[in-house]
Amino acid sequence: MNIDRRGRLTVTLCRDLPDFVDLAPEWNALHRRCPTATPFQSHAWLHSWWLSYGTAGRLRVVLVRRDGRLIGAAPLMLVHRPMPLLVPMGGAISDYFDILVDGEDVPAAVTALERGLHRAAAHTVVDLREVRPDASAHLLFEAWSGARSSRADSTCMELPAEPIDALIGRMTGSRAQRARAKLRRVDALGIECRPAPVHGVAGAIGSLLRLHEMQWLGRGVNPEHLRPRFCAHLVRSARRMVRDGEASVREFVLDGEVVAADVSFRSARLTGGYLYGADPRLRETKVDVSSMLLREIAREAEGLDRGVLSLLRGSEQYKSHWGPVPVVNRRLMLARSSLEPLLRLREAQVNVRERAADTVKSRLPAAREWRGRLSELPAAGAALIGRS
């Protein structure tokens with residue numbers, strides 16, 4: 001507890017799901033007042049994620065109030081492997097992490113959150129992944145009184161929050177011509193974009209995931225995207241976020257059939273396309289799906305105050321066609337001074353894992369070649385048996 005001229009500050013730790021559920025109205029208000037908040041810090045996203053992925057007894061949400069008004073929050077959870085850690089709620093399926101701070105009371109909120117997190121991390125390392133360069137979590141990192149470490153994390157691709165014509169205008173002449181031709185092709189075929197209302201979200205998400213599986217068939221789909229818990233989470237969160245104007249779920253219809261679907265999220269200064277699925281047969285009609293989707297997401301992002309249109313994590317080739325700016329997230333690790341050896345151990349674990357991942361990437365082409373050869377063996381054997 002602390003008292004200054006603006007009122008009394010209190011710091012508490014939320015550890016029970018029913019208490020977190022009850023936070024929804026004031027959490028939503030704080031989310032709107034936080035200038036750096038992303039859609040992945042919304043109450044709808046975090047609550048739904050916990051229902052699908054959370055473990056009872058592991059919730060650790062640091063809360064700061066001034067005279068009862070919520071002005072700061074750090075949504076975290078406790079894990080025990082590979083060591084005791086406090087990590088972000090939202091897990092690997094969330095593209096960004098940040099703390100929430102009231103834009104009109106930032107210094108006090110950050111100072112109080114640092115104090116509360118210092119108590120909550122009495123025996124653990126705090127490992128914050130996917131922190132955007134302009135995130136409020138960097139203020140917490142600078143205020144931290146113990147051991148700390150910062151390193152690069154995932155790369156995200158970003159464009160200005162502008163309509164599609166302005167984005168095309170940023171391209172070179174020949175590339176801009178091709179982009180316009182791709183969109184004219186979509187219009188000439190008569191593909192209709194149909195936003196899903198709240199009551200239609202479940203059906204549209206079902207279409208999205210079905211098409212997503214078809215789209216990635218034989219090409220290494222993310223297995224999490226095919227699991228029932230992910231579907232349940234996406235439907236629950238999207239329903240609330242569509243209702244609150246924080247998400248859009250769209251179906252793209254050709255001749256009465258849904259041939260593509262996507263979901264995008266938005267906050268005060270960031271709009272991002274999260275996931276999509278497309279019928280592979282669209283390639284036969286020469287439809288550029290990424291251009292079709294980006295046009296709709298750009299319409300949402302248009303007019304954001306100093307906003308960005310994020311293509312989220314990954315530097316896939318199709319994203320580079322639009323000339324986006326690569327933005328590298330950070331991984332921030334914090335610990336009490338007495339736990340610095342534990343933090344350095346965590347750094348060593350991360351280094352080993354990253355080196356292993358780099359080795360896999362460097363050998364992936366060879367691995368794919370061998371996988372292709374092995375997949376041909378049954379067919380070759382069957383042919384041989386037939387001939388004999």
# chains A, B, ... in the order shown; residues from 1 in each chain; ligands from 1
>>> residues_around(residues="A:Arg58", least_positions_apart="6", cutoff="8 Å", atoms="only C-alpha atoms", output="VMD selection string")
chain A and resid 15 77 to 79
>>> write_last_selection(atoms="C-alpha atoms", output="PDB file, in the first residue's frame")
ATOM      1  CA  ARG A  15      -5.017 -16.396  -8.045  1.00  0.00           C
ATOM      2  CA  MET A  77       0.660 -17.778 -14.590  1.00  0.00           C
ATOM      3  CA  LEU A  78       2.968 -20.189 -12.786  1.00  0.00           C
ATOM      4  CA  VAL A  79       4.634 -23.131 -14.536  1.00  0.00           C
TER       5      VAL A  79
END
>>> select_by_dssp(residues="stretch 153-290 of chain A", states="helix (DSSP H, G or I)", output="MDAnalysis selection string")
chainID A and resid 164:169 173:189 198:215 223:226 228:243 280:285 289:290
>>> residues_around(residues="A:Ile191", least_positions_apart="3", cutoff="10 Å", atoms="only C-alpha atoms", output="PyMOL selection string")
chain A and resi 185-188+194+251-260+287+292
>>> closest_residue(among="A:Asp279, A:Glu302, A:Glu354, A:Asp127", to="A:Trp216", atoms="only C-alpha atoms")
A:Asp279
>>> atom_distance(atom1="atom CA of A:Lys286", atom2="atom CA of A:Gly206")
24.8 Å
>>> closest_residue(among="A:Glu224, A:Phe230, A:Ala176, A:Val198", to="A:Arg250", atoms="only C-alpha atoms")
A:Val198
>>> select_by_dssp(residues="stretch 141-281 of chain A", states="strand (DSSP E or B)", output="ChimeraX atom specification")
/A:147-160,192-195,247-254,257-266,270-278
>>> write_last_selection(atoms="N, CA and C atoms", output="compact mmCIF listing (two decimals), in the first residue's frame")
# COMPACT_ATOMS: atom_id res chain seq x y z
N ALA A 147 17.80 -8.78 -10.96
CA ALA A 147 18.51 -9.24 -12.15
C ALA A 147 17.56 -9.24 -13.34
N ARG A 148 18.11 -8.99 -14.53
CA ARG A 148 17.25 -8.94 -15.71
C ARG A 148 18.06 -9.28 -16.96
N SER A 149 17.34 -9.65 -18.00
CA SER A 149 17.97 -10.02 -19.26
C SER A 149 16.98 -9.77 -20.38
N SER A 150 17.49 -9.29 -21.53
CA SER A 150 16.65 -9.02 -22.69
C SER A 150 17.29 -9.64 -23.92
N ARG A 151 16.48 -10.25 -24.77
CA ARG A 151 16.99 -10.87 -25.99
C ARG A 151 15.91 -10.81 -27.06
N ALA A 152 16.33 -10.99 -28.31
CA ALA A 152 15.38 -10.96 -29.42
C ALA A 152 14.45 -12.18 -29.36
N ASP A 153 13.22 -11.97 -29.78
CA ASP A 153 12.24 -13.05 -29.88
C ASP A 153 11.75 -13.12 -31.33
N SER A 154 10.46 -13.33 -31.54
CA SER A 154 9.95 -13.51 -32.90
C SER A 154 9.96 -12.21 -33.69
N THR A 155 9.98 -12.35 -35.01
CA THR A 155 9.86 -11.22 -35.92
C THR A 155 8.42 -11.13 -36.42
N CYS A 156 7.86 -9.93 -36.35
CA CYS A 156 6.53 -9.66 -36.89
C CYS A 156 6.67 -8.67 -38.05
N MET A 157 5.72 -8.71 -38.96
CA MET A 157 5.74 -7.82 -40.11
C MET A 157 4.58 -6.82 -39.97
N GLU A 158 4.88 -5.54 -40.21
CA GLU A 158 3.88 -4.50 -39.98
C GLU A 158 3.79 -3.54 -41.17
N LEU A 159 2.58 -3.07 -41.39
CA LEU A 159 2.28 -2.06 -42.40
C LEU A 159 1.57 -0.89 -41.73
N PRO A 160 1.55 0.28 -42.37
CA PRO A 160 0.77 1.38 -41.81
C PRO A 160 -0.73 1.06 -41.85
N GLU A 192 -17.68 -12.87 -52.62
CA GLU A 192 -18.35 -11.96 -51.68
C GLU A 192 -17.78 -12.14 -50.28
N CYS A 193 -17.44 -11.03 -49.62
CA CYS A 193 -16.99 -11.07 -48.24
C CYS A 193 -18.20 -10.90 -47.33
N ARG A 194 -18.37 -11.84 -46.41
CA ARG A 194 -19.55 -11.85 -45.55
C ARG A 194 -19.12 -11.88 -44.09
N PRO A 195 -19.13 -10.74 -43.37
CA PRO A 195 -18.78 -10.73 -41.94
C PRO A 195 -19.79 -11.54 -41.13
N ALA A 247 -12.93 -7.76 -32.76
CA ALA A 247 -12.58 -8.82 -33.71
C ALA A 247 -13.58 -8.83 -34.86
N SER A 248 -13.16 -9.41 -35.96
CA SER A 248 -14.04 -9.69 -37.09
C SER A 248 -13.78 -11.11 -37.57
N VAL A 249 -14.85 -11.82 -37.86
CA VAL A 249 -14.75 -13.14 -38.47
C VAL A 249 -15.47 -13.04 -39.81
N ARG A 250 -14.78 -13.40 -40.88
CA ARG A 250 -15.33 -13.23 -42.22
C ARG A 250 -15.33 -14.55 -42.98
N GLU A 251 -16.36 -14.73 -43.80
CA GLU A 251 -16.41 -15.82 -44.77
C GLU A 251 -16.41 -15.23 -46.17
N PHE A 252 -15.70 -15.88 -47.08
CA PHE A 252 -15.64 -15.44 -48.46
C PHE A 252 -16.36 -16.49 -49.30
N VAL A 253 -17.39 -16.04 -50.01
CA VAL A 253 -18.32 -16.96 -50.66
C VAL A 253 -18.21 -16.83 -52.18
N LEU A 254 -18.13 -17.96 -52.86
CA LEU A 254 -18.10 -18.02 -54.32
C LEU A 254 -19.15 -19.03 -54.78
N GLU A 257 -20.74 -21.08 -52.07
CA GLU A 257 -19.89 -21.94 -51.25
C GLU A 257 -18.82 -21.11 -50.54
N VAL A 258 -18.59 -21.42 -49.26
CA VAL A 258 -17.54 -20.73 -48.50
C VAL A 258 -16.19 -21.29 -48.95
N VAL A 259 -15.38 -20.42 -49.56
CA VAL A 259 -14.08 -20.86 -50.10
C VAL A 259 -12.91 -20.32 -49.28
N ALA A 260 -13.17 -19.41 -48.36
CA ALA A 260 -12.13 -18.89 -47.48
C ALA A 260 -12.79 -18.27 -46.26
N ALA A 261 -12.04 -18.19 -45.17
CA ALA A 261 -12.53 -17.54 -43.95
C ALA A 261 -11.34 -17.08 -43.15
N ASP A 262 -11.54 -16.00 -42.38
CA ASP A 262 -10.43 -15.51 -41.56
C ASP A 262 -10.97 -14.85 -40.31
N VAL A 263 -10.07 -14.64 -39.34
CA VAL A 263 -10.40 -13.90 -38.13
C VAL A 263 -9.29 -12.89 -37.91
N SER A 264 -9.68 -11.66 -37.60
CA SER A 264 -8.71 -10.60 -37.30
C SER A 264 -9.11 -9.93 -36.00
N PHE A 265 -8.11 -9.39 -35.30
CA PHE A 265 -8.31 -8.73 -34.01
C PHE A 265 -7.86 -7.28 -34.10
N ARG A 266 -8.39 -6.46 -33.21
CA ARG A 266 -7.98 -5.06 -33.20
C ARG A 266 -8.05 -4.48 -31.79
N LEU A 270 -3.65 -1.16 -33.00
CA LEU A 270 -3.13 -2.31 -33.74
C LEU A 270 -4.27 -3.17 -34.24
N THR A 271 -4.22 -3.49 -35.52
CA THR A 271 -5.13 -4.46 -36.12
C THR A 271 -4.29 -5.56 -36.75
N GLY A 272 -4.69 -6.81 -36.56
CA GLY A 272 -3.88 -7.91 -37.09
C GLY A 272 -4.73 -9.06 -37.57
N GLY A 273 -4.33 -9.65 -38.69
CA GLY A 273 -4.97 -10.86 -39.18
C GLY A 273 -4.41 -12.06 -38.43
N TYR A 274 -5.24 -12.77 -37.70
CA TYR A 274 -4.76 -13.84 -36.81
C TYR A 274 -4.65 -15.19 -37.52
N LEU A 275 -5.70 -15.63 -38.20
CA LEU A 275 -5.70 -16.97 -38.78
C LEU A 275 -6.68 -17.00 -39.95
N TYR A 276 -6.35 -17.78 -40.97
CA TYR A 276 -7.29 -17.92 -42.08
C TYR A 276 -7.20 -19.33 -42.65
N GLY A 277 -8.21 -19.67 -43.42
CA GLY A 277 -8.22 -20.92 -44.16
C GLY A 277 -8.76 -20.66 -45.54
N ALA A 278 -8.24 -21.37 -46.53
CA ALA A 278 -8.67 -21.16 -47.91
C ALA A 278 -8.71 -22.48 -48.65
>>> atom_distance(atom1="atom CA of A:Pro18", atom2="atom CA of A:Ala120")
19.6 Å
>>> closest_residue(among="A:Val352, A:Leu13, A:Leu189, A:Val87", to="A:Arg119", atoms="only C-alpha atoms")
A:Leu13
>>> atom_distance(atom1="atom CA of A:Leu23", atom2="atom CA of A:Leu309")
29.0 Å
>>> residues_around(residues="A:Leu343", least_positions_apart="6", cutoff="12 Å", atoms="only C-alpha atoms", output="PyMOL selection string")
chain A and resi 83-86+121+123-127+146-150+332-337+349-350
>>> residues_around(residues="A:Asp16", least_positions_apart="3", cutoff="8 Å", atoms="only C-alpha atoms", output="PyMOL selection string")
chain A and resi 19-20+57+59
